[in-house]
2 protein chains.
Amino acid sequence: MARIVMKFGGTSVGDVERIKNVARRVAAEVESGSTVAVVVSAMSGATNQLVEWCRQVAPLYDNREYDTVVATGEQVTIGLLAMALQEIGVKARSWCGWQVPVRTDEVHGKARITAIDTEALDQSLAAGEVAVVAGFQGIGPDGRITTLGRGGSDTSAVALAAALGAERCDIYTDVDGVYTTDPRIVAKARKLDRITYEEMLELASVGAKVLQTRSVEMAMKHRVRVQVLSSFVDAPGTLVCDEDEIVEQELVSGIAYSRDEAKITLVGVPDRPGVAAGIFGPLAEAAINVDMIVQNVSEDGRSTDVTFTVGKADLERARQVMDKTREKLDWGGLEADPAVVKISVVGVGMRSHAGIAQKMFQTLAAENINIRLISTSEIKISVLIDEKYTELALRALHSAYGLDAV
Amino acid sequence: MARIVMKFGGTSVGDVERIKNVARRVAAEVESGSTVAVVVSAMSGATNQLVEWCRQVAPLYDNREYDTVVATGEQVTIGLLAMALQEIGVKARSWCGWQVPVRTDEVHGKARITAIDTEALDQSLAAGEVAVVAGFQGIGPDGRITTLGRGGSDTSAVALAAALGAERCDIYTDVDGVYTTDPRIVAKARKLDRITYEEMLELASVGAKVLQTRSVEMAMKHRVRVQVLSSFVDAPGTLVCDEDEIVEQELVSGIAYSRDEAKITLVGVPDRPGVAAGIFGPLAEAAINVDMIVQNVSEDGRSTDVTFTVGKADLERARQVMDKTREKLDWGGLEADPAVVKISVVGVGMRSHAGIAQKMFQTLAAENINIRLISTSEIKISVLIDEKYTELALRALHSAYGLDAV
């Protein structure tokens with residue numbers, strides 16, 4: 001029988017009625033002949049309350065104790081869901097991370113899964129029980145409870161699917177799949193039937209938060225087929241899978257945007273060796289992430305402009321760090337602009353097809369949208385534009401790449 | 001260094017401020033040179049919420065899943081208290097039941113502790129850490145979480161004190177000790193400095209709920225000295241200990257009462273062998289506990305009256321059970337009276353002193369209080385009287401036995 005891992009997030013198990021609803025979903029999967037392991041998060045709101053208590057007790061809390069406290073959220077849900085399954089005649093039992101065990105490293109608060117022993121689970125599944133496993137938690141080398149960091153239940157589910165050799169890992173969430181772009185902005189956005197791991201990673205990293213990035217990396221590494229689908233609507237979602245599984249690969253799969261960007265330009269920087277290190281060294285030391293970087297050589301060949309982006313929340317700090325470099329680097333002026341957005345076109349098709357970047361530039365030019373910065377990776381082209389053009393750019397590009405729903 | 005186990009109930013750890021308060025109490029004990037293990041309950045209200053969820057999900061829930069859910073209450077508290085201790089500079093770490101481990105039998109929902117392995121705890125204590133241990137929970141032979149039943153944290157604390165060879169087990173509660181009688185009724189009630197295990201057991205069983213009965217039995221068995229004291233007032237409480245430790249033993253230690261009694265009298269029961277079995281067999285089968293029993297032989301020697309008490313909540317059921325015996329036992333009539341109270345005089349001194357019962361009867365007679373039933377044990381005399389005389393009887397007896405505070 002095919003093994004399936006089903007994962008339900010906090011909203012899906014937010015109260016007793018929803019837990020019963022999840023039980024019915026699981027029962028239907030069992031009914032259809034699958035062997036099922038379920039991974040659940042804490043009831044929505046529960047983790048926040050626990051974290052708040054920790055902060056109130058000790059602002060600089062011990063992460064080992066933090067893990068002991070917050071892991072209780074998932075422990076409550078697994079017990080309740082196992083009961084709900086039994087109540088409708090489905091054999092089930094709950095598993096805390098330490099009971100499986102889900103082994104992790106010792107980095108409390110944001111541990112990584114190192115191994116999952118499936119011997120006990122295998123026996124339980126073979127006996128016809130649904131295994132209800134706590135997401136987000138494991139046991140460290142010291143025998144203490146660890147947690148994977150916020151959103152870690154997706155990673156738990158994918159890791160469990162890999163360990164169990166599951167045919168698929170279904171991630172139930174409050175959206176019904178992965179879209180070509182944000183449907184709140186582009187009405188003609190389409191739900192994708194399939195998308196590659198690589199594309200999903202690029203989309204996640206540029207702000208389309210459907211799956212936790214680490215869970216997609218893990219799925220890609222272990223070739224776990226992941227389906228994103230709705231807890232509330234009974235319909236197929238989007239399958240995140242290997243390129244081989246996608247017969248008719250589109251050139252472009254999706255267009256993402258991120259408003260969490262701010263642009264800084266240093267004007268009139270003397271053009272000599274060591275300038276880049278002089279700028280980005282101090283930013284790295286201040287733990288400020290820099291995303292896009294462009295350096296223009298000036299006409300006289302002696303001075304240059306350097307432009308880069310940082311997270312919006314880091315803008316003021318970045319400016320302060322730069323001010324301290326002024327004397328040493330002898331730059332002429334600093335321009336900061338938080339009103340920018342990063343638009344990214346993603347698709348594995350662009351590996352083998354030229355002209356995709358060109359279409360992006362032409363489309364934006366036709367709308368009179370000025371491009372401030374450009375960066376590219378193997379399967380992604382990102383541009384930085386003025387924030388006010390976000391909707392216009394997304395709609396124009398979505399049409400230009402033929403993504404509009406018919 | 002002397003080892004001390006400190007136990008705090010749900011009210012004492014009811015919110016973040018109270019948890020910080022408990023941390024200061026523990027710190028003071030550490031400061032005084034003790035090696036300390038702390039046992040805590042769930043924050044007050046937490047367990048009720050968890051139990052409520054279980055009931056809503058599945059009225060006939062699986063006790064193994066119930067244990068998984070409700071054990072989270074204590075797990076939250078141990079993490080928070082360990083943090084609170086660290087925050088004020090006291091080394092501490094939390095221990096779930098399964099981490100210690102506290103081994104229990106397999107009776108989920110009301111398990112009994114079978115053994116506590118102290119190897120890991122000993123190491124932690126030797127390293128100067130306060131061990132913050134979850135009360136009420138353990139791990140069963142199947143590797144699953146068990147709970148000891150409501151109020152089980154007292155038992156956890158005493159069992160831990162026994163296993164650690166602790167000098168004392170301090171139970172912090174919302175009363176400041178054990179009193180000669182209920183101070184809400186008798187203003188002159190006195191706090192006892194010391195009381196024997198046997199007396200404490202008799203007081204607990206007749207309605208003076210300070211410690212869970214099972215915890216006192218365990219303390220007596222393992223000769224663990226238990227102190228009952230207030231979480232909120234900094235003063236010595238009452239030490240529950242061996243008779244040898246009590247230098248000036250009073251004849252009577254306390255007077256307890258229980259309003260949870262109802263009286264049933266069967267009138268005109270033919271006096272022949274097998275009558276008692278015919279009455280009390282069906283009650284036992286219906287799981288109705290019978291407490292006091294008296295049988296009067298009638299004047300003609302052929303019929304008799306049988307009077308007994310049951311819990312007030314069981315009165316109607318007991319009456320129904322009796323009605324079914326009427327034909328077979330051929331009794332004449334049934335009188336039921338829920339308006340009764342059981343008053344008990346307790347003291348190990350009565351083993352060696354005559355006249356203690358006589359003083360009780362005389363005192364009640366002097367107040368014109370009619371005694372309906374009498375029962376005795378080695379260190380206790382109980383009488384059943386009309387409920388309306390409760391206060392009068394308690395005050396009169398308290399004075400008569402010289403227990404009034406000066």
# chains A, B, ... in the order shown; residues from 1 in each chain; ligands from 1
$ residues_around --residues "Ala219 in chain B" --least-positions-apart "5" --cutoff "9 Å" --atoms "only C-alpha atoms" --output "MDAnalysis selection string"
chainID B and resid 155 158:159 161:162 197 214 224:226 240:241
$ closest_atom_pairs --of "chain B" --to "chain A" --cutoff "10 Å" --atoms "only C-alpha atoms" --output "JSON lines"
{"residue": "B:Asp15", "atom": "CA", "partner": "A:Trp53", "partner_atom": "CA", "distance": 8.9}
{"residue": "B:Val16", "atom": "CA", "partner": "A:Val57", "partner_atom": "CA", "distance": 6.2}
{"residue": "B:Glu17", "atom": "CA", "partner": "A:Val57", "partner_atom": "CA", "distance": 8.0}
{"residue": "B:Ile19", "atom": "CA", "partner": "A:Val57", "partner_atom": "CA", "distance": 8.0}
{"residue": "B:Lys20", "atom": "CA", "partner": "A:Val57", "partner_atom": "CA", "distance": 7.1}
{"residue": "B:Leu50", "atom": "CA", "partner": "A:Val76", "partner_atom": "CA", "distance": 8.0}
{"residue": "B:Trp53", "atom": "CA", "partner": "A:Val16", "partner_atom": "CA", "distance": 6.9}
{"residue": "B:Cys54", "atom": "CA", "partner": "A:Leu80", "partner_atom": "CA", "distance": 6.3}
{"residue": "B:Arg55", "atom": "CA", "partner": "A:Leu80", "partner_atom": "CA", "distance": 9.6}
{"residue": "B:Gln56", "atom": "CA", "partner": "A:Val16", "partner_atom": "CA", "distance": 6.9}
{"residue": "B:Val57", "atom": "CA", "partner": "A:Ala84", "partner_atom": "CA", "distance": 5.6}
{"residue": "B:Ala58", "atom": "CA", "partner": "A:Glu87", "partner_atom": "CA", "distance": 5.9}
{"residue": "B:Pro59", "atom": "CA", "partner": "A:Glu87", "partner_atom": "CA", "distance": 8.5}
{"residue": "B:Leu60", "atom": "CA", "partner": "A:Glu87", "partner_atom": "CA", "distance": 7.9}
{"residue": "B:Tyr61", "atom": "CA", "partner": "A:Met83", "partner_atom": "CA", "distance": 6.0}
{"residue": "B:Asp62", "atom": "CA", "partner": "A:Met83", "partner_atom": "CA", "distance": 6.4}
{"residue": "B:Asn63", "atom": "CA", "partner": "A:Met83", "partner_atom": "CA", "distance": 9.3}
{"residue": "B:Arg64", "atom": "CA", "partner": "A:Gly79", "partner_atom": "CA", "distance": 8.4}
{"residue": "B:Glu65", "atom": "CA", "partner": "A:Gly79", "partner_atom": "CA", "distance": 4.7}
{"residue": "B:Tyr66", "atom": "CA", "partner": "A:Gly79", "partner_atom": "CA", "distance": 6.6}
{"residue": "B:Asp67", "atom": "CA", "partner": "A:Gly79", "partner_atom": "CA", "distance": 8.2}
{"residue": "B:Thr68", "atom": "CA", "partner": "A:Gly79", "partner_atom": "CA", "distance": 5.8}
{"residue": "B:Val69", "atom": "CA", "partner": "A:Val76", "partner_atom": "CA", "distance": 4.6}
{"residue": "B:Val70", "atom": "CA", "partner": "A:Val76", "partner_atom": "CA", "distance": 7.6}
{"residue": "B:Ala71", "atom": "CA", "partner": "A:Thr72", "partner_atom": "CA", "distance": 8.8}
{"residue": "B:Thr72", "atom": "CA", "partner": "A:Thr72", "partner_atom": "CA", "distance": 5.3}
{"residue": "B:Gly73", "atom": "CA", "partner": "A:Thr72", "partner_atom": "CA", "distance": 8.1}
{"residue": "B:Glu74", "atom": "CA", "partner": "A:Val69", "partner_atom": "CA", "distance": 9.4}
{"residue": "B:Gln75", "atom": "CA", "partner": "A:Val69", "partner_atom": "CA", "distance": 6.3}
{"residue": "B:Val76", "atom": "CA", "partner": "A:Val69", "partner_atom": "CA", "distance": 4.6}
{"residue": "B:Thr77", "atom": "CA", "partner": "A:Val69", "partner_atom": "CA", "distance": 7.6}
{"residue": "B:Ile78", "atom": "CA", "partner": "A:Val69", "partner_atom": "CA", "distance": 7.9}
{"residue": "B:Gly79", "atom": "CA", "partner": "A:Glu65", "partner_atom": "CA", "distance": 4.7}
{"residue": "B:Leu80", "atom": "CA", "partner": "A:Cys54", "partner_atom": "CA", "distance": 6.3}
{"residue": "B:Leu81", "atom": "CA", "partner": "A:Val57", "partner_atom": "CA", "distance": 8.1}
{"residue": "B:Ala82", "atom": "CA", "partner": "A:Glu65", "partner_atom": "CA", "distance": 6.9}
{"residue": "B:Met83", "atom": "CA", "partner": "A:Tyr61", "partner_atom": "CA", "distance": 6.0}
{"residue": "B:Ala84", "atom": "CA", "partner": "A:Val57", "partner_atom": "CA", "distance": 5.6}
{"residue": "B:Leu85", "atom": "CA", "partner": "A:Ala58", "partner_atom": "CA", "distance": 9.1}
{"residue": "B:Gln86", "atom": "CA", "partner": "A:Asp62", "partner_atom": "CA", "distance": 8.0}
{"residue": "B:Glu87", "atom": "CA", "partner": "A:Ala58", "partner_atom": "CA", "distance": 5.9}
{"residue": "B:Ile88", "atom": "CA", "partner": "A:Ala58", "partner_atom": "CA", "distance": 9.2}
{"residue": "B:Ala92", "atom": "CA", "partner": "A:Glu65", "partner_atom": "CA", "distance": 9.8}
{"residue": "B:Arg93", "atom": "CA", "partner": "A:Glu65", "partner_atom": "CA", "distance": 7.5}
{"residue": "B:Ser94", "atom": "CA", "partner": "A:Glu65", "partner_atom": "CA", "distance": 6.9}
{"residue": "B:Trp95", "atom": "CA", "partner": "A:Arg144", "partner_atom": "CA", "distance": 8.9}
{"residue": "B:Cys96", "atom": "CA", "partner": "A:Thr68", "partner_atom": "CA", "distance": 8.6}
{"residue": "B:Trp98", "atom": "CA", "partner": "A:Trp98", "partner_atom": "CA", "distance": 9.9}
{"residue": "B:Gln99", "atom": "CA", "partner": "A:Gly143", "partner_atom": "CA", "distance": 7.6}
{"residue": "B:Gly143", "atom": "CA", "partner": "A:Gln99", "partner_atom": "CA", "distance": 7.6}
{"residue": "B:Arg144", "atom": "CA", "partner": "A:Gln99", "partner_atom": "CA", "distance": 7.8}
{"residue": "B:Ile145", "atom": "CA", "partner": "A:Gln99", "partner_atom": "CA", "distance": 9.7}
$ write_last_selection --atoms "N, CA and C atoms" --output "short mmCIF file (atom, residue, chain, number, x, y, z; two decimals), in the first residue's frame"
data_model
loop_
_atom_site.label_atom_id
_atom_site.label_comp_id
_atom_site.auth_asym_id
_atom_site.auth_seq_id
_atom_site.Cartn_x
_atom_site.Cartn_y
_atom_site.Cartn_z
N ASP B 15 0.32 32.01 37.33
CA ASP B 15 0.65 32.94 36.25
C ASP B 15 2.14 33.27 36.32
N VAL B 16 2.59 34.10 35.39
CA VAL B 16 4.02 34.39 35.27
C VAL B 16 4.57 35.01 36.56
N GLU B 17 3.83 35.93 37.16
CA GLU B 17 4.31 36.57 38.39
C GLU B 17 4.47 35.55 39.52
N ILE B 19 5.01 32.37 39.18
CA ILE B 19 6.15 31.50 38.87
C ILE B 19 7.45 32.19 39.30
N LYS B 20 7.54 33.49 39.07
CA LYS B 20 8.73 34.23 39.51
C LYS B 20 8.83 34.22 41.03
N LEU B 50 -7.33 21.50 29.08
CA LEU B 50 -6.88 20.35 28.29
C LEU B 50 -7.88 19.20 28.38
N TRP B 53 -10.92 19.96 26.24
CA TRP B 53 -10.68 19.68 24.82
C TRP B 53 -10.83 18.19 24.53
N CYS B 54 -10.24 17.36 25.38
CA CYS B 54 -10.32 15.90 25.19
C CYS B 54 -11.78 15.47 25.15
N ARG B 55 -12.58 15.98 26.09
CA ARG B 55 -14.00 15.59 26.15
C ARG B 55 -14.73 16.03 24.90
N GLN B 56 -14.39 17.23 24.40
CA GLN B 56 -15.08 17.74 23.22
C GLN B 56 -14.72 16.91 21.98
N VAL B 57 -13.47 16.48 21.91
CA VAL B 57 -13.05 15.72 20.73
C VAL B 57 -13.62 14.31 20.77
N ALA B 58 -13.56 13.69 21.92
CA ALA B 58 -13.99 12.29 22.03
C ALA B 58 -14.48 12.03 23.45
N PRO B 59 -15.80 11.97 23.63
CA PRO B 59 -16.34 11.75 24.99
C PRO B 59 -15.74 10.50 25.64
N LEU B 60 -15.52 9.46 24.85
CA LEU B 60 -14.91 8.25 25.40
C LEU B 60 -13.47 8.17 24.91
N TYR B 61 -12.65 9.07 25.41
CA TYR B 61 -11.31 9.17 24.85
C TYR B 61 -10.39 8.04 25.31
N ASP B 62 -9.37 7.80 24.50
CA ASP B 62 -8.30 6.85 24.80
C ASP B 62 -7.42 7.46 25.89
N ASN B 63 -7.30 6.75 27.01
CA ASN B 63 -6.54 7.32 28.13
C ASN B 63 -5.07 7.57 27.80
N ARG B 64 -4.53 6.83 26.83
CA ARG B 64 -3.13 7.06 26.45
C ARG B 64 -2.99 8.41 25.77
N GLU B 65 -3.97 8.74 24.93
CA GLU B 65 -3.92 10.04 24.27
C GLU B 65 -4.24 11.16 25.26
N TYR B 66 -5.18 10.88 26.16
CA TYR B 66 -5.50 11.84 27.23
C TYR B 66 -4.23 12.20 28.00
N ASP B 67 -3.45 11.19 28.36
CA ASP B 67 -2.22 11.44 29.11
C ASP B 67 -1.24 12.30 28.31
N THR B 68 -1.14 12.02 27.01
CA THR B 68 -0.24 12.79 26.15
C THR B 68 -0.65 14.27 26.16
N VAL B 69 -1.95 14.50 26.12
CA VAL B 69 -2.46 15.88 26.08
C VAL B 69 -2.28 16.57 27.44
N VAL B 70 -2.81 15.96 28.50
CA VAL B 70 -2.82 16.69 29.78
C VAL B 70 -1.44 16.84 30.39
N ALA B 71 -0.51 15.94 30.07
CA ALA B 71 0.85 16.06 30.63
C ALA B 71 1.55 17.33 30.16
N THR B 72 1.04 17.95 29.10
CA THR B 72 1.70 19.17 28.61
C THR B 72 1.59 20.31 29.63
N GLY B 73 0.56 20.27 30.48
CA GLY B 73 0.39 21.35 31.47
C GLY B 73 1.61 21.50 32.35
N GLU B 74 2.10 20.39 32.89
CA GLU B 74 3.27 20.43 33.77
C GLU B 74 4.54 20.73 32.96
N GLN B 75 4.56 20.27 31.71
CA GLN B 75 5.76 20.50 30.89
C GLN B 75 5.98 22.00 30.67
N VAL B 76 4.89 22.73 30.51
CA VAL B 76 5.01 24.19 30.36
C VAL B 76 5.59 24.79 31.64
N THR B 77 5.07 24.38 32.78
CA THR B 77 5.50 24.98 34.04
C THR B 77 6.96 24.71 34.34
N ILE B 78 7.44 23.49 34.08
CA ILE B 78 8.84 23.21 34.42
C ILE B 78 9.78 24.07 33.58
N GLY B 79 9.45 24.25 32.30
CA GLY B 79 10.29 25.09 31.44
C GLY B 79 10.31 26.53 31.94
N LEU B 80 9.13 27.05 32.24
CA LEU B 80 9.05 28.45 32.69
C LEU B 80 9.76 28.63 34.04
N LEU B 81 9.58 27.68 34.96
CA LEU B 81 10.22 27.85 36.27
C LEU B 81 11.74 27.74 36.15
N ALA B 82 12.22 26.83 35.30
CA ALA B 82 13.67 26.72 35.11
C ALA B 82 14.22 28.04 34.56
N MET B 83 13.52 28.64 33.59
CA MET B 83 13.92 29.95 33.06
C MET B 83 13.92 31.01 34.15
N ALA B 84 12.86 31.02 34.95
CA ALA B 84 12.73 32.04 36.00
C ALA B 84 13.88 31.91 37.00
N LEU B 85 14.29 30.68 37.30
CA LEU B 85 15.41 30.47 38.23
C LEU B 85 16.71 30.98 37.60
N GLN B 86 16.94 30.61 36.34
CA GLN B 86 18.16 31.06 35.66
C GLN B 86 18.20 32.58 35.63
N GLU B 87 17.03 33.19 35.42
CA GLU B 87 16.95 34.65 35.31
C GLU B 87 17.44 35.34 36.58
N ILE B 88 17.27 34.68 37.76
CA ILE B 88 17.75 35.30 39.00
C ILE B 88 19.05 34.64 39.46
N ALA B 92 19.59 25.85 36.87
CA ALA B 92 18.41 24.99 36.93
C ALA B 92 18.18 24.31 35.59
N ARG B 93 17.55 23.14 35.62
CA ARG B 93 17.05 22.57 34.36
C ARG B 93 15.77 21.79 34.62
N SER B 94 14.97 21.71 33.58
CA SER B 94 13.67 21.05 33.68
C SER B 94 13.78 19.57 33.34
N TRP B 95 12.88 18.79 33.92
CA TRP B 95 12.81 17.35 33.67
C TRP B 95 11.36 16.93 33.48
N CYS B 96 11.05 16.43 32.30
CA CYS B 96 9.76 15.78 32.10
C CYS B 96 9.81 14.42 32.80
N TRP B 98 9.34 11.50 31.63
CA TRP B 98 10.07 10.49 30.83
C TRP B 98 11.56 10.77 30.79
N GLN B 99 11.97 11.99 31.10
CA GLN B 99 13.39 12.29 31.06
C GLN B 99 14.10 11.85 32.33
N GLY B 143 6.58 2.88 26.94
CA GLY B 143 7.29 4.06 26.46
C GLY B 143 6.39 5.26 26.20
N ARG B 144 5.16 5.18 26.66
CA ARG B 144 4.24 6.30 26.45
C ARG B 144 4.05 7.08 27.76
N ILE B 145 3.62 8.33 27.60
CA ILE B 145 3.44 9.20 28.76
C ILE B 145 2.24 8.73 29.59
#
$ closest_residue --among "B:Met200, B:Phe308, B:Glu327, B:Ala134" --to "Lys380 in chain B" --atoms "only C-alpha atoms"
B:Met200
$ atom_distance --atom1 "CA of Gly355 in chain B" --atom2 "CA of Tyr179 in chain B"
23.2 Å
$ residues_around --residues "Ser231 in chain A" --least-positions-apart "2" --cutoff "9 Å" --atoms "only C-alpha atoms" --output "PyMOL selection string"
chain A and resi 8-9+11-12+21-22+25+171-176+229+233-234
$ write_last_selection --atoms "N, CA and C atoms" --output "compact mmCIF listing (two decimals), in the first residue's frame"
# COMPACT_ATOMS: atom_id res chain seq x y z
N PHE A 8 -0.80 19.10 8.42
CA PHE A 8 -1.78 20.14 8.65
C PHE A 8 -1.19 21.23 9.55
N GLY A 9 -1.31 22.47 9.12
CA GLY A 9 -0.77 23.59 9.88
C GLY A 9 -1.69 24.05 10.98
N THR A 11 -3.63 26.65 11.46
CA THR A 11 -4.98 27.12 11.15
C THR A 11 -5.91 25.92 10.93
N SER A 12 -5.37 24.87 10.32
CA SER A 12 -6.20 23.69 10.02
C SER A 12 -6.60 22.93 11.28
N ASN A 21 -12.50 17.90 11.62
CA ASN A 21 -12.51 18.02 10.16
C ASN A 21 -11.26 17.36 9.56
N VAL A 22 -10.11 17.64 10.18
CA VAL A 22 -8.86 17.02 9.74
C VAL A 22 -8.97 15.50 9.85
N ARG A 25 -10.70 14.13 6.91
CA ARG A 25 -9.82 14.14 5.73
C ARG A 25 -8.87 12.94 5.76
N ILE A 171 0.91 18.75 1.86
CA ILE A 171 0.94 19.84 2.84
C ILE A 171 -0.38 20.62 2.73
N TYR A 172 -1.24 20.45 3.73
CA TYR A 172 -2.53 21.15 3.74
C TYR A 172 -2.32 22.53 4.36
N THR A 173 -2.83 23.54 3.68
CA THR A 173 -2.58 24.89 4.14
C THR A 173 -3.81 25.75 3.87
N ASP A 174 -3.70 27.07 4.07
CA ASP A 174 -4.89 27.90 3.86
C ASP A 174 -4.97 28.46 2.43
N VAL A 175 -4.02 28.08 1.57
CA VAL A 175 -4.17 28.38 0.14
C VAL A 175 -4.33 27.04 -0.58
N ASP A 176 -4.88 27.07 -1.79
CA ASP A 176 -5.18 25.79 -2.44
C ASP A 176 -4.10 25.35 -3.43
N LEU A 229 -1.92 21.82 -0.86
CA LEU A 229 -3.35 21.88 -1.14
C LEU A 229 -4.13 22.45 0.05
N VAL A 233 -10.84 23.10 1.10
CA VAL A 233 -11.46 22.78 -0.18
C VAL A 233 -10.97 21.42 -0.62
N ASP A 234 -11.87 20.57 -1.09
CA ASP A 234 -11.48 19.23 -1.49
C ASP A 234 -11.14 19.21 -2.98
$ residues_around --residues "range 258-262 of chain B" --least-positions-apart "6" --cutoff "7 Å" --atoms "only C-alpha atoms" --output "ChimeraX atom specification"
/B:206-207,309-312,315,337-343
$ residues_around --residues "Leu394 in chain A" --least-positions-apart "5" --cutoff "12 Å" --atoms "only C-alpha atoms" --output "ChimeraX atom specification"
/A:180-189,254-258,341-345,360,363-364,367,369,383,385,387-389,399-401,403-404
$ atom_distance --atom1 "CA of Ile264 in chain B" --atom2 "CA of Arg319 in chain B"
8.1 Å
$ residues_around --residues "Ala37 in chain B" --least-positions-apart "5" --cutoff "12 Å" --atoms "only C-alpha atoms" --output "number ranges by chain"
B: 2-8, 26-27, 29-30, 78, 81-82, 91-95, 100, 118, 121-122, 124-126, 128-135, 156-170
$ residues_around --residues "Asp330 in chain A" --least-positions-apart "5" --cutoff "8 Å" --atoms "only C-alpha atoms" --output "list in words"
Val269, Pro270 and Thr325 of chain A
$ atom_distance --atom1 "CA of Lys324 in chain B" --atom2 "CA of Val294 in chain B"
21.1 Å
$ select_by_dssp --residues "range 33-245 of chain B" --states "helix (DSSP H, G or I)" --output "ChimeraX atom specification"
/B:46-57,63-70,72-87,119-126,152-164,197-205,213-222,243-245
$ select_by_dssp --residues "range 242-405 of chain B" --states "strand (DSSP E or B)" --output "VMD selection string"
chain B and resid 254 to 258 262 to 270 290 to 297 303 to 310 333 to 337 340 to 346 373 to 377 380 to 386
